[in-house]
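Student: Pasting in a structure now, in structure tokens, and then I'll have a few things to ask.
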Amino acid sequence: MKYGKRLRDEEEKTFREWKGQFICYKRLKKQLKLIYHRSNGKYMSTRSRRWPRFATRRFVEANNRGLRIGFTRLLDSELKKVNSFYFGKEEDYIIRLKELQLRAESLQSDEEKLEVQKDILKFHGEMVLLLNYSLLNFTGLRKIVKKHNKKTGTSFEFFALPRVMQQSFFSTDLLYNLMQETKTMLARLFLTDAP
């Protein structure tokens with residue numbers, strides 16, 4: 001399955017408030033298509049595989065430079081959007097985990113215990129979806145950078161990826177720790193049911 005279709009399918013299946021928070025892969029591809037292809041130091045149109053009619057090399061280079069800057073800015077804004085959303089969710093999950101821990105410590109009845117167990121399972125499921133969100137967006141970023149490199153003959157990846165590796169949406173250690181804590185809480189709650 002093509003990545004763009006997979007991204008649309010995932011966005012349709014996810015929570016309503018998450019829609020529009022995924023990387024805009026289609027828009028990035030459209031911006032990339034405007035850039036003239038560079039092969040062996042020569043610029044070519046993607047359709048005709050030759051220079052645009054009546055264009056000088058200097059014109060094409062200046063035009064491509066502007067289009068590449070536009071692509072970079074769009075990519076940067078998409079990264080900020082994804083990172084901001086992911087970071088906000090992480091903060092929300094830290095708060096929700098503390099609330100669940102407090103509820104789990106002060107259980108009064110079996111009904112409350114059952115409700116807390118359900119809430120923990122639901123919470124864990126949301127964190128799994130956020131992990132999938134992170135992986136899906138990083139895949140889109142990697143794919144669009146690869147397409148950019150192929151089309152322009154440059155190695156944009158060396159500039160983009162180290163910065164991306166430091167973004168919240170790529171470093172999922174905190175999310176894994178939160179998931180592990182929910183598993184531990186569930187294990188404790190279910191073990192207290194044993195006779």
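Within each chain, counting starts at residue 1; across the structure tokens, chains are named A, B, ... in the order shown, with ligands numbered 1 upward in that order.
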For Asn64 of chain A, find every residue with an atom within 9 Å (counting only C-alpha atoms), except residues of its own chain fewer than 5 positions away, and show them as a list in words.

Tutor: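 After dropping sequence-adjacent residues, the list is Leu34, Ile35, Tyr36, Phe59, Ile69 and Thr152 of chain A.
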
Student: Can you write just those residues out, C-alpha atoms, as a PDB file, in the first residue's frame?

Tutor:
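Result file is out.pdb:
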```
ATOM      1  CA  LEU A  34       7.298  22.157  -8.711  1.00  0.00           C
ATOM      2  CA  ILE A  35      11.077  21.744  -8.441  1.00  0.00           C
ATOM      3  CA  TYR A  36      12.886  20.889 -11.678  1.00  0.00           C
ATOM      4  CA  PHE A  59      16.651  31.308 -14.292  1.00  0.00           C
ATOM      5  CA  ILE A  69      13.459  27.098   0.277  1.00  0.00           C
ATOM      6  CA  THR A 152      17.293  17.633  -6.579  1.00  0.00           C
TER       7      THR A 152
END
```

Student: Counting only C-alpha atoms, which residue out of A:Glu181, A:Asp76, A:Asp110, A:Glu90 sits closest to Leu130 of chain A?

Tutor: A:Glu90

Student: For atom CA of Leu97 of chain A and atom CA of Glu12 of chain A, determine how far apart the two atoms are, in Å to one decimal place.

Tutor: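 We find that atom CA of Leu97 of chain A and atom CA of Glu12 of chain A lie 26.8 Å from each other.
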
Student: One decimal, in Å: what's the spacing between atom CA of Leu28 of chain A and atom CA of Val128 of chain A?

Tutor: 26.6 Å

Student: Using only C-alpha atoms, find the one residue out of A:Lys81, A:Ile95, A:Glu11, A:Lys113 that sits nearest to Leu191 of chain A.

Tutor: A:Lys113

Student: So, with only C-alpha atoms as the atoms that count, which of A:Leu178, A:Asn83, A:Glu91, A:Leu136 lies closest to Arg8 of chain A?

Tutor: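 For Arg8 of chain A, the nearest of the candidates is A:Leu136.
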
Student: With a distance cut-off of 12 Å and only C-alpha atoms, select the neighbouring residues of Lys147 of chain A, excluding the residue or stretch itself and same-chain residues fewer than 3 positions from it, and output the selection as a ChimeraX atom specification.

Tutor: /A:25,28-33,35,37,71,140-144,150-157

Student: Taking into account only C-alpha atoms, which residue in the set A:Lys146, A:Phe22, A:Phe123, A:Tyr86 is nearest to Asp9 of chain A?

Tutor: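 Smallest distance to Asp9 of chain A is found for A:Phe22.
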
Student: List the neighbours of segment 99-101 of chain A out to 9 Å using only C-alpha atoms; skip same-chain residues closer than 3 positions along the sequence, and give me the result as an MDAnalysis selection string.

Tutor: chainID A and resid 94:96 104:106 116 119:120 182 185

Student: Write a file of the just-selected residues containing N, CA and C atoms, as a PDB file, in the first residue's frame.

Tutor:
```
ATOM      1  N   ILE A  94       0.983  12.299  31.004  1.00  0.00           N
ATOM      2  CA  ILE A  94       1.657  12.306  32.313  1.00  0.00           C
ATOM      3  C   ILE A  94       0.645  12.665  33.401  1.00  0.00           C
ATOM      4  N   ILE A  95      -0.156  13.684  33.141  1.00  0.00           N
ATOM      5  CA  ILE A  95      -1.173  14.117  34.105  1.00  0.00           C
ATOM      6  C   ILE A  95      -2.224  13.029  34.308  1.00  0.00           C
ATOM      7  N   ARG A  96      -2.682  12.440  33.223  1.00  0.00           N
ATOM      8  CA  ARG A  96      -3.700  11.387  33.323  1.00  0.00           C
ATOM      9  C   ARG A  96      -3.184  10.161  34.062  1.00  0.00           C
ATOM     10  N   ALA A 104      -6.227   4.501  41.679  1.00  0.00           N
ATOM     11  CA  ALA A 104      -5.918   3.097  41.966  1.00  0.00           C
ATOM     12  C   ALA A 104      -5.516   2.900  43.427  1.00  0.00           C
ATOM     13  N   GLU A 105      -4.926   3.908  44.040  1.00  0.00           N
ATOM     14  CA  GLU A 105      -4.516   3.800  45.447  1.00  0.00           C
ATOM     15  C   GLU A 105      -5.677   3.947  46.418  1.00  0.00           C
ATOM     16  N   SER A 106      -6.723   4.627  45.997  1.00  0.00           N
ATOM     17  CA  SER A 106      -7.836   4.889  46.925  1.00  0.00           C
ATOM     18  C   SER A 106      -9.131   4.212  46.478  1.00  0.00           C
ATOM     19  N   VAL A 116     -11.506   1.607  37.178  1.00  0.00           N
ATOM     20  CA  VAL A 116     -10.103   2.021  37.044  1.00  0.00           C
ATOM     21  C   VAL A 116      -9.378   1.099  36.064  1.00  0.00           C
ATOM     22  N   ASP A 119     -10.396   2.122  32.595  1.00  0.00           N
ATOM     23  CA  ASP A 119      -9.773   3.399  32.234  1.00  0.00           C
ATOM     24  C   ASP A 119      -8.291   3.239  31.910  1.00  0.00           C
ATOM     25  N   ILE A 120      -7.617   2.373  32.655  1.00  0.00           N
ATOM     26  CA  ILE A 120      -6.192   2.129  32.390  1.00  0.00           C
ATOM     27  C   ILE A 120      -6.013   1.450  31.036  1.00  0.00           C
ATOM     28  N   THR A 182       1.653   1.854  33.100  1.00  0.00           N
ATOM     29  CA  THR A 182       0.249   1.412  33.059  1.00  0.00           C
ATOM     30  C   THR A 182       0.171  -0.105  33.137  1.00  0.00           C
ATOM     31  N   MET A 185       0.655  -1.009  36.757  1.00  0.00           N
ATOM     32  CA  MET A 185      -0.562  -0.713  37.527  1.00  0.00           C
ATOM     33  C   MET A 185      -1.627  -1.783  37.301  1.00  0.00           C
TER      34      MET A 185
END
```
